[in-house]
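Visitor: Handing you a structure now.
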Amino acid sequence: MRAPALGLAAEAAAIAGRHAGSVDREARFPAEAFAALKEARLLGLTVPRALGGGGGGLADAAAVAHVLAQHCPSTGLIYAMHQIQVACLVRHGQDGEWHRGFLAQLAEEQLLLASATTEAGIGGDVRSSACAVEDEAVGTFRLEKQATVISYGAEADAILVTARRTAESPPSDQVIVPVLRGQTRLEETGGWDTLGMRGTRSIGYRLVAEAGRAQILPLPYADISARTMLPVTHILWSSVWLGIATDAVARAGAFIRAEARKRPGTPPPGARRVAEA
């Protein structure tokens with residue numbers, strides 16, 4: 001990772017760490033951390049330089065997620081989920097004028113992206129959708145989704161929604177539709193106590209969106225998922241889990257050292273296990 005970006009990530013992580021306790025206790029969005037990430041322009045880290053972004057790669061995004069997760073798991077996971085959506089747009093949206101313009105706007109304004117894939121009545125099968133893209137006026141559509149969970153949906157500047165391509169399409173014929181905050185209405189339908197990651201604000205919503213058809217990504221969701229979304233998710237989420245584990249081992253080590261200083265010559269219980277870790 002480029003040294004300047006790594007330094008900026010460390011500064012944002014330190015801010016995230018100072019507020020991590022209240023973020024989880026109060027189940028609130030880590031606003032302070034994301035203000036710092038926006039100031040550091042790290043939300044647009046992987047947007048191509050030609051579009052005003054940082055031009056970073058997947059390894060850069062993974063390094064930032066890893067650093068953030070060591071200080072605040074919610075912040076690390078939100079950053080990872082955001083970069084997963086960015087990766088889908090960067091890899092599969094640059095041929096479209098609307099999507100290129102949106103990526104440029106994301107880089108300029110440091111927009112935060114969320115996703116809506118799960119749906120009531122479907123369960124965890126994200127490769128099926130009940131909701132559909134339905135034609136409205138010429139060149140526009142309407143979409144209504146009963147999403148069982150949208151992490152940080154109320155705080156996101158845009159949400160990438162999965163839906164059937166048309167009202168007549170089978171459940172597996174899906175597309176991804178990026179919809180902006182001003183094009184979307186969210187009605188809260190339920191909560192979820194995500195222990196240790198309450199700051200992700202993972203809540204159920206009824207989502208209603210009306211927007212232009214040019215916003216729909218042309219490639220089927222099945223292809224985007226297989227080529228980009230799933231592999232990027234595995235890499236970035238693993239970086240988050242590694243960051244959490246790194247912090248846990250460091251805390252355990254600090255505890256063992258403190259105990260050892262209290263009783264010189266007597267190995268504290270658990271010292272061997274920490275050494276093995």
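Simple scheme: letters A, B, ... for chains in structure tokens order, numbers from 1 for residues in each chain, numbers from 1 for ligands in the order shown.
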Quick one: contact table of range 27-111 of chain A to range 194-208 of chain A, 9 Å max, nearest atom pair and distance in Å to one decimal per residue, counting only C-alpha atoms, chain and number order, as a tab-separated table?
Guide:
residue	atom	partner	partner_atom	distance
A:Ala27	CA	A:Arg198	CA	4.5
A:Arg28	CA	A:Gly199	CA	4.8
A:Phe29	CA	A:Gly199	CA	4.7
A:Pro30	CA	A:Gly199	CA	6.1
A:Cys72	CA	A:Met197	CA	8.4
A:Pro73	CA	A:Met197	CA	6.0
A:Ser74	CA	A:Met197	CA	4.7
A:Thr75	CA	A:Gly199	CA	7.4
A:Leu77	CA	A:Thr200	CA	7.5
A:Ile78	CA	A:Thr200	CA	6.3
Visitor: Counting only C-alpha atoms, what is within 6 Å of Ser129 in chain A, bar same-chain residues fewer than 6 positions away, as a list in words?
Guide: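 Selected residues are Ala163, Arg164 and Pro171 of chain A.
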Visitor: Interatomic distance between CA of Arg213 in chain A and CA of Ser151 in chain A?
Guide: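 Result for CA of Arg213 in chain A versus CA of Ser151 in chain A: 24.7 Å, one decimal.
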Visitor: So that I can check the surroundings of range 87-98 of chain A, please list as a PDB file with N, CA and C atoms, in the first residue's frame every protein, DNA and RNA residue that reaches within 9 Å of it, counting only C-alpha atoms and ignoring chain neighbours fewer than 4 positions away.
Guide:
ATOM      1  N   THR A  46     -10.253   3.192  -4.610  1.00  0.00           N
ATOM      2  CA  THR A  46     -10.124   2.252  -5.724  1.00  0.00           C
ATOM      3  C   THR A  46     -10.794   2.735  -7.007  1.00  0.00           C
ATOM      4  N   VAL A  47     -11.307   3.952  -7.010  1.00  0.00           N
ATOM      5  CA  VAL A  47     -11.829   4.535  -8.251  1.00  0.00           C
ATOM      6  C   VAL A  47     -10.635   4.919  -9.127  1.00  0.00           C
ATOM      7  N   PRO A  48     -10.682   4.632 -10.424  1.00  0.00           N
ATOM      8  CA  PRO A  48      -9.535   4.950 -11.291  1.00  0.00           C
ATOM      9  C   PRO A  48      -9.158   6.431 -11.240  1.00  0.00           C
ATOM     10  N   LEU A  58      -7.176  -3.764  -5.054  1.00  0.00           N
ATOM     11  CA  LEU A  58      -7.825  -4.557  -4.021  1.00  0.00           C
ATOM     12  C   LEU A  58      -6.929  -4.701  -2.793  1.00  0.00           C
ATOM     13  N   HIS A  82     -18.511  -1.132   1.554  1.00  0.00           N
ATOM     14  CA  HIS A  82     -18.492  -0.022   0.593  1.00  0.00           C
ATOM     15  C   HIS A  82     -17.588  -0.350  -0.590  1.00  0.00           C
ATOM     16  N   GLN A  83     -16.377  -0.824  -0.301  1.00  0.00           N
ATOM     17  CA  GLN A  83     -15.428  -1.082  -1.383  1.00  0.00           C
ATOM     18  C   GLN A  83     -15.852  -2.261  -2.258  1.00  0.00           C
ATOM     19  N   PHE A 102     -21.121   8.600 -12.311  1.00  0.00           N
ATOM     20  CA  PHE A 102     -21.376   8.320 -10.895  1.00  0.00           C
ATOM     21  C   PHE A 102     -20.074   8.020 -10.160  1.00  0.00           C
ATOM     22  N   LEU A 103     -19.176   7.255 -10.796  1.00  0.00           N
ATOM     23  CA  LEU A 103     -17.888   6.977 -10.170  1.00  0.00           C
ATOM     24  C   LEU A 103     -17.079   8.259  -9.975  1.00  0.00           C
ATOM     25  N   ALA A 214     -31.008   4.168 -17.258  1.00  0.00           N
ATOM     26  CA  ALA A 214     -29.572   4.196 -17.557  1.00  0.00           C
ATOM     27  C   ALA A 214     -28.738   3.778 -16.350  1.00  0.00           C
ATOM     28  N   GLN A 215     -29.330   3.819 -15.153  1.00  0.00           N
ATOM     29  CA  GLN A 215     -28.586   3.472 -13.942  1.00  0.00           C
ATOM     30  C   GLN A 215     -28.415   1.969 -13.761  1.00  0.00           C
ATOM     31  N   LEU A 217     -27.103  -1.602 -14.152  1.00  0.00           N
ATOM     32  CA  LEU A 217     -25.910  -2.231 -14.724  1.00  0.00           C
ATOM     33  C   LEU A 217     -26.341  -3.272 -15.755  1.00  0.00           C
ATOM     34  N   PRO A 218     -25.767  -3.244 -16.958  1.00  0.00           N
ATOM     35  CA  PRO A 218     -26.251  -4.127 -18.026  1.00  0.00           C
ATOM     36  C   PRO A 218     -25.927  -5.596 -17.834  1.00  0.00           C
ATOM     37  N   LEU A 219     -24.789  -5.910 -17.209  1.00  0.00           N
ATOM     38  CA  LEU A 219     -24.403  -7.300 -17.027  1.00  0.00           C
ATOM     39  C   LEU A 219     -25.296  -7.961 -15.984  1.00  0.00           C
ATOM     40  N   ILE A 224     -21.827 -10.627 -12.389  1.00  0.00           N
ATOM     41  CA  ILE A 224     -21.131  -9.680 -11.513  1.00  0.00           C
ATOM     42  C   ILE A 224     -20.786 -10.342 -10.189  1.00  0.00           C
ATOM     43  N   SER A 225     -21.716 -11.130  -9.669  1.00  0.00           N
ATOM     44  CA  SER A 225     -21.487 -11.820  -8.403  1.00  0.00           C
ATOM     45  C   SER A 225     -20.327 -12.797  -8.516  1.00  0.00           C
ATOM     46  N   THR A 228     -16.861 -10.767  -9.554  1.00  0.00           N
ATOM     47  CA  THR A 228     -16.345  -9.673  -8.735  1.00  0.00           C
ATOM     48  C   THR A 228     -16.863  -9.686  -7.299  1.00  0.00           C
ATOM     49  N   MET A 229     -18.168  -9.683  -7.119  1.00  0.00           N
ATOM     50  CA  MET A 229     -18.715  -9.473  -5.784  1.00  0.00           C
ATOM     51  C   MET A 229     -18.266 -10.540  -4.792  1.00  0.00           C
ATOM     52  N   VAL A 232     -14.253 -10.552  -4.173  1.00  0.00           N
ATOM     53  CA  VAL A 232     -13.849  -9.338  -3.462  1.00  0.00           C
ATOM     54  C   VAL A 232     -14.376  -9.364  -2.032  1.00  0.00           C
TER      55      VAL A 232
END
Visitor: Write down as a ChimeraX atom specification the residues of range 25-155 of chain A whose backbone DSSP state falls under helix (DSSP H, G or I).
Guide: /A:25,31-39,49-51,58-71,73-92,97-109
Visitor: Counting only C-alpha atoms, figure out which residue out of A:Arg165, A:His19, A:Arg25, A:Arg142 gets nearest to Gln183 in chain A.
Guide: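 Using only C-alpha atoms, Gln183 in chain A sits closest to A:Arg142.
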